[in-house]
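Shown below: model.pdb, with PDB, C-alpha atoms.
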```
ATOM      1  CA  MET A 106     114.339 144.664 166.715
ATOM      2  CA  THR A 107     113.957 146.111 170.213
ATOM      3  CA  GLN A 108     116.369 148.642 171.693
ATOM      4  CA  THR A 109     117.663 145.982 174.084
ATOM      5  CA  GLU A 110     118.309 143.504 171.285
ATOM      6  CA  LEU A 111     120.109 146.160 169.219
ATOM      7  CA  GLU A 112     122.300 147.213 172.153
ATOM      8  CA  TYR A 113     122.932 143.594 173.129
ATOM      9  CA  ARG A 114     124.001 142.640 169.608
ATOM     10  CA  GLN A 115     126.344 145.633 169.402
ATOM     11  CA  VAL A 116     128.073 144.648 172.654
ATOM     12  CA  ILE A 117     128.354 141.010 171.582
ATOM     13  CA  GLN A 118     129.800 142.012 168.208
ATOM     14  CA  ARG A 119     132.488 144.036 170.002
ATOM     15  CA  CYS A 120     133.297 141.034 172.223
ATOM     16  CA  LYS A 121     133.276 138.580 169.336
ATOM     17  CA  ASP A 122     135.571 140.773 167.217
ATOM     18  CA  LEU A 123     138.126 140.856 170.039
ATOM     19  CA  PHE A 124     137.720 137.114 170.657
ATOM     20  CA  LEU A 125     138.455 136.297 167.013
ATOM     21  CA  LYS A 126     141.409 138.711 166.851
ATOM     22  CA  LYS A 127     142.915 137.138 169.960
ATOM     23  CA  ASN A 128     142.361 133.760 168.313
ATOM     24  CA  GLN A 129     144.516 134.943 165.404
ATOM     25  CA  ASP A 130     147.249 135.930 167.882
ATOM     26  CA  TYR A 131     147.086 132.965 170.274
ATOM     27  CA  GLY A 132     145.041 130.260 168.619
ATOM     28  CA  THR A 133     142.931 128.170 170.963
ATOM     29  CA  ALA A 134     145.579 127.801 173.669
ATOM     30  CA  TRP A 135     142.740 128.329 176.187
ATOM     31  CA  ARG A 136     141.479 124.834 175.325
ATOM     32  CA  ILE A 137     144.111 123.488 177.753
ATOM     33  CA  LEU A 138     142.285 125.160 180.665
ATOM     34  CA  ARG A 139     140.005 123.137 182.890
ATOM     35  CA  LEU A 140     136.714 124.774 183.801
ATOM     36  CA  PRO A 141     137.840 125.795 187.315
ATOM     37  CA  SER A 142     140.782 127.644 185.735
ATOM     38  CA  ILE A 143     138.442 129.550 183.423
ATOM     39  CA  THR A 144     136.190 130.311 186.384
ATOM     40  CA  ASP A 145     139.197 131.708 188.246
ATOM     41  CA  GLN A 146     140.105 133.900 185.232
ATOM     42  CA  ILE A 147     136.577 135.314 185.279
ATOM     43  CA  PHE A 148     136.866 135.824 189.042
ATOM     44  CA  ILE A 149     140.083 137.824 188.591
ATOM     45  CA  LYS A 150     138.356 140.121 186.101
ATOM     46  CA  ALA A 151     135.260 140.604 188.257
ATOM     47  CA  GLN A 152     137.354 141.242 191.361
ATOM     48  CA  ARG A 153     139.402 143.860 189.477
ATOM     49  CA  ILE A 154     136.188 145.582 188.383
ATOM     50  CA  ARG A 155     134.975 145.692 191.976
ATOM     51  CA  THR A 156     138.315 147.066 193.171
ATOM     52  CA  LEU A 157     138.238 149.779 190.502
ATOM     53  CA  GLN A 158     134.653 150.639 191.394
ATOM     54  CA  GLU A 159     135.591 150.992 195.055
ATOM     55  CA  THR A 160     138.897 152.826 194.651
ATOM     56  CA  GLY A 161     138.393 154.669 191.376
ATOM     57  CA  VAL A 162     142.090 154.143 190.637
ATOM     58  CA  SER A 163     143.635 151.985 187.923
ATOM     59  CA  GLN A 164     147.382 151.550 188.081
ATOM     60  CA  VAL A 165     147.611 149.606 184.806
ATOM     61  CA  GLY A 166     145.700 152.140 182.731
ATOM     62  CA  GLU A 167     142.736 150.005 181.691
ATOM     63  CA  GLY A 168     139.233 150.710 182.880
ATOM     64  CA  ILE A 169     136.441 148.317 183.682
ATOM     65  CA  GLU A 170     134.905 147.997 180.217
ATOM     66  CA  PRO A 171     137.677 145.714 178.887
ATOM     67  CA  GLU A 172     137.228 143.543 181.983
ATOM     68  CA  PHE A 173     133.503 143.100 181.280
ATOM     69  CA  VAL A 174     134.404 142.152 177.699
ATOM     70  CA  GLY A 175     136.865 139.628 179.146
ATOM     71  CA  ILE A 176     134.182 138.177 181.420
ATOM     72  CA  ILE A 177     131.897 137.671 178.431
ATOM     73  CA  ASN A 178     134.586 136.023 176.339
ATOM     74  CA  TYR A 179     135.859 133.778 179.129
ATOM     75  CA  CYS A 180     132.289 132.673 179.834
ATOM     76  CA  VAL A 181     131.899 131.809 176.141
ATOM     77  CA  MET A 182     135.149 129.821 176.369
ATOM     78  CA  ALA A 183     133.733 127.945 179.354
ATOM     79  CA  LEU A 184     130.503 127.176 177.485
ATOM     80  CA  ILE A 185     132.515 125.938 174.492
ATOM     81  CA  GLN A 186     134.591 123.745 176.834
ATOM     82  CA  LEU A 187     131.348 122.348 178.274
ATOM     83  CA  HIS A 188     130.122 121.729 174.731
ATOM     84  CA  PHE A 189     133.222 119.672 173.953
ATOM     85  CA  GLN A 190     133.024 117.804 177.260
ATOM     86  CA  THR A 191     129.442 116.816 176.523
ATOM     87  CA  ALA A 192     130.164 115.981 172.898
ATOM     88  CA  SER A 193     133.212 113.864 173.763
ATOM     89  CA  GLN A 194     131.645 111.621 176.410
ATOM     90  CA  THR A 195     132.189 107.977 175.622
ATOM     91  CA  VAL A 196     129.676 105.211 176.231
ATOM     92  CA  ASP A 197     131.025 104.587 179.729
ATOM     93  CA  GLY A 198     130.681 108.275 180.634
ATOM     94  CA  GLN A 199     134.397 109.067 180.665
ATOM     95  CA  PRO A 200     135.774 112.034 178.701
ATOM     96  CA  ASP A 201     137.426 111.349 175.377
ATOM     97  CA  LYS A 202     141.148 112.052 175.846
ATOM     98  CA  THR A 203     141.598 112.620 172.101
ATOM     99  CA  ALA A 204     139.454 115.792 171.951
ATOM    100  CA  LYS A 205     141.039 118.283 169.592
ATOM    101  CA  MET A 206     142.807 121.295 171.026
ATOM    102  CA  ASP A 207     143.018 123.402 167.876
ATOM    103  CA  ILE A 208     139.760 124.705 166.468
ATOM    104  CA  PRO A 209     139.730 126.273 162.998
ATOM    105  CA  THR A 210     138.591 129.911 163.033
ATOM    106  CA  ASP A 211     135.397 129.290 161.071
ATOM    107  CA  GLU A 212     134.369 126.486 163.450
ATOM    108  CA  LEU A 213     135.297 128.608 166.467
ATOM    109  CA  GLU A 214     133.187 131.498 165.163
ATOM    110  CA  HIS A 215     130.265 129.107 164.684
ATOM    111  CA  LEU A 216     130.690 127.788 168.249
ATOM    112  CA  TYR A 217     130.827 131.341 169.611
ATOM    113  CA  ASP A 218     127.624 132.264 167.748
ATOM    114  CA  GLU A 219     125.925 129.056 168.867
ATOM    115  CA  GLN A 220     126.689 129.673 172.543
ATOM    116  CA  ILE A 221     125.703 133.344 172.358
ATOM    117  CA  GLY A 222     122.475 132.337 170.602
ATOM    118  CA  GLN A 223     121.540 130.191 173.606
ATOM    119  CA  VAL A 224     122.486 132.977 175.995
ATOM    120  CA  MET A 225     120.395 135.518 174.063
ATOM    121  CA  ARG A 226     117.344 133.247 174.135
ATOM    122  CA  LEU A 227     117.741 133.054 177.909
ATOM    123  CA  LEU A 228     118.110 136.829 178.100
ATOM    124  CA  PHE A 229     114.950 137.556 176.128
ATOM    125  CA  ALA A 230     112.902 135.095 178.179
ATOM    126  CA  LYS A 231     114.141 136.552 181.476
ATOM    127  CA  ASN A 232     113.984 140.126 180.224
ATOM    128  CA  HIS A 233     110.330 139.615 179.352
ATOM    129  CA  ASP A 234     109.524 138.160 182.778
ATOM    130  CA  TYR A 235     111.521 140.735 184.753
ATOM    131  CA  GLY A 236     110.506 143.765 182.681
ATOM    132  CA  GLU A 237     114.050 144.980 181.996
ATOM    133  CA  ALA A 238     114.699 145.506 185.707
ATOM    134  CA  TRP A 239     118.430 145.551 184.935
ATOM    135  CA  ARG A 240     118.055 149.029 183.438
ATOM    136  CA  ASP A 241     117.318 150.367 186.935
ATOM    137  CA  MET A 242     120.176 148.490 188.587
ATOM    138  CA  ARG A 243     123.592 149.892 189.383
ATOM    139  CA  VAL A 244     126.622 148.546 187.533
ATOM    140  CA  SER A 245     128.215 147.932 190.940
ATOM    141  CA  SER A 246     125.256 145.741 191.967
ATOM    142  CA  MET A 247     125.520 143.714 188.781
ATOM    143  CA  THR A 248     129.252 143.316 189.434
ATOM    144  CA  ASP A 249     128.402 141.904 192.865
ATOM    145  CA  ILE A 250     125.889 139.508 191.270
ATOM    146  CA  ILE A 251     128.577 138.313 188.846
ATOM    147  CA  LEU A 252     130.898 137.700 191.804
ATOM    148  CA  MET A 253     128.134 135.804 193.633
ATOM    149  CA  LYS A 254     127.533 133.643 190.556
ATOM    150  CA  LEU A 255     131.274 132.973 190.410
ATOM    151  CA  LEU A 256     131.275 131.807 194.024
ATOM    152  CA  ARG A 257     128.301 129.569 193.246
ATOM    153  CA  THR A 258     130.121 128.188 190.215
ATOM    154  CA  LYS A 259     133.242 127.500 192.273
ATOM    155  CA  GLN A 260     131.125 125.635 194.841
ATOM    156  CA  ILE A 261     129.481 123.532 192.135
ATOM    157  CA  GLU A 262     132.911 122.782 190.678
ATOM    158  CA  ASP A 263     134.215 121.833 194.121
ATOM    159  CA  ASN A 264     131.209 119.492 194.406
ATOM    160  CA  ARG A 265     132.208 117.914 191.069
ATOM    161  CA  GLY A 266     129.161 119.350 189.334
ATOM    162  CA  THR A 267     126.638 117.839 191.715
ATOM    163  CA  THR A 268     123.719 120.027 192.774
ATOM    164  CA  LEU A 269     120.587 119.146 194.690
ATOM    165  CA  VAL A 270     118.164 121.781 193.417
ATOM    166  CA  SER A 271     120.307 124.385 191.645
ATOM    167  CA  GLU A 272     121.143 125.004 188.020
ATOM    168  CA  GLY A 273     124.533 123.850 186.792
ATOM    169  CA  VAL A 274     127.618 125.847 185.926
ATOM    170  CA  ASP A 275     126.377 126.488 182.388
ATOM    171  CA  ALA A 276     123.426 128.543 183.664
ATOM    172  CA  ASN A 277     125.769 130.588 185.836
ATOM    173  CA  TYR A 278     128.114 131.307 182.900
ATOM    174  CA  MET A 279     125.102 132.391 180.822
ATOM    175  CA  ASP A 280     123.841 134.681 183.567
ATOM    176  CA  MET A 281     127.304 136.205 183.967
ATOM    177  CA  ILE A 282     127.427 136.949 180.243
ATOM    178  CA  ASN A 283     124.064 138.675 180.399
ATOM    179  CA  TYR A 284     124.950 140.767 183.440
ATOM    180  CA  ALA A 285     128.272 141.772 181.862
ATOM    181  CA  VAL A 286     126.457 142.786 178.664
ATOM    182  CA  PHE A 287     123.982 144.818 180.721
ATOM    183  CA  CYS A 288     126.894 146.555 182.449
ATOM    184  CA  LEU A 289     128.514 147.439 179.133
ATOM    185  CA  ILE A 290     125.219 148.768 177.773
ATOM    186  CA  LYS A 291     124.744 150.936 180.866
ATOM    187  CA  LEU A 292     128.352 152.164 180.795
ATOM    188  CA  GLN A 293     128.068 153.076 177.115
ATOM    189  CA  ASN A 294     124.763 154.882 177.661
ATOM    190  CA  THR A 295     125.463 156.647 180.933
ATOM    191  CA  GLY A 296     129.135 156.220 181.778
ATOM    192  CA  ARG A 297     128.217 154.749 185.162
TER     193      ARG A 297
END
```

Now, as a test, write the supplied structure out as structure tokens.
Amino acid sequence: MTQTELEYRQVIQRCKDLFLKKNQDYGTAWRILRLPSITDQIFIKAQRIRTLQETGVSQVGEGIEPEFVGIINYCVMALIQLHFQTASQTVDGQPDKTAKMDIPTDELEHLYDEQIGQVMRLLFAKNHDYGEAWRDMRVSSMTDIILMKLLRTKQIEDNRGTTLVSEGVDANYMDMINYAVFCLIKLQNTGR
């Protein structure tokens, strides 16, 4: 296992543990959210990170690390929502209105692992091609990239998912997860 894979898995385990604990507290209430609402939740977290990076002041006592964890987990929620949208399409292409809202914990954990597995495969392919360039990037730059990907996602959502040459919202959620993981790795290793 490479250093990157080890660090990545440690960050994801931290995120997954929190995700499953929150599931015990709240259940899958987030299933009621439409994708644009999840995107806006991610935007709020990324914008708060940027504000904290610029001002250096937190008035609610939480730093930026919990916000990056939140970005990762909300992106996983979005990918799970996309999974259910795709799985529940009827023959005529309309969504199935009977899709279940409550997901048992063991199934939810499997869905989380499945989505993260896809994201990790993307990471390792890109990491190979880009030579771990993220290690030389600033956390603030990666925050800006997450915000850019959020604006792209919002535009795709406003266009009802239609793109001419661009990847869909799923690719943007996956990229945001990877950048947030990179940020957490860098913050844990260097504090900046």

Which residues, named as in the file, does the PyMOL selection byres ((chain A and resi 182) around 10) pick out? Answer as a compact mmCIF listing (two decimals) with C-alpha atoms, keeping the file's coordinate frame.
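Result file is result05.txt:
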```
# COMPACT_ATOMS: atom_id res chain seq x y z
CA PHE A 124 137.72 137.11 170.66
CA THR A 133 142.93 128.17 170.96
CA TRP A 135 142.74 128.33 176.19
CA ARG A 136 141.48 124.83 175.32
CA LEU A 138 142.28 125.16 180.66
CA LEU A 140 136.71 124.77 183.80
CA ILE A 143 138.44 129.55 183.42
CA ILE A 176 134.18 138.18 181.42
CA ILE A 177 131.90 137.67 178.43
CA ASN A 178 134.59 136.02 176.34
CA TYR A 179 135.86 133.78 179.13
CA CYS A 180 132.29 132.67 179.83
CA VAL A 181 131.90 131.81 176.14
CA ALA A 183 133.73 127.94 179.35
CA LEU A 184 130.50 127.18 177.48
CA ILE A 185 132.51 125.94 174.49
CA GLN A 186 134.59 123.74 176.83
CA LEU A 187 131.35 122.35 178.27
CA HIS A 188 130.12 121.73 174.73
CA LEU A 213 135.30 128.61 166.47
CA LEU A 216 130.69 127.79 168.25
CA TYR A 217 130.83 131.34 169.61
CA GLN A 220 126.69 129.67 172.54
CA TYR A 278 128.11 131.31 182.90
```

Evaluate the PyMOL selection byres ((chain A and resi 253-255) around 9) and report residues as a PyMOL selection string: chain A and resi 144-145+147-148+151+248-252+256-260+277-278+280-281

Please, what distance in Å, to one decimal, runs between CA of Asp207 (chain A) and CA of Arg139 (chain A)?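 If I compute the distance from CA of Asp207 (chain A) to CA of Arg139 (chain A), I get 15.3 Å.
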
My list of candidates is A:Asp122, A:Ile282, A:Glu170, A:Trp239. Which is closest to Gln158 (chain A) when distances are computed with all atoms listed in the file?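 Going through A:Asp122, A:Ile282, A:Glu170, A:Trp239 one by one, the smallest distance to Gln158 (chain A) is for A:Glu170.
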
As AutoDock Vina command-line options: centre and edge lengths in Å, one decimal, of the axis-aligned box holding region 281-289 of chain A with 8 Å per side:
```
--center_x 126.2 --center_y 141.8 --center_z 181.3 --size_x 20.5 --size_y 27.2 --size_z 21.3
```

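Closest approach to Asp263 (chain A) among A:Lys231, A:Pro141, A:Ala134, A:Glu112: A:Pro141, based on only C-alpha atoms.
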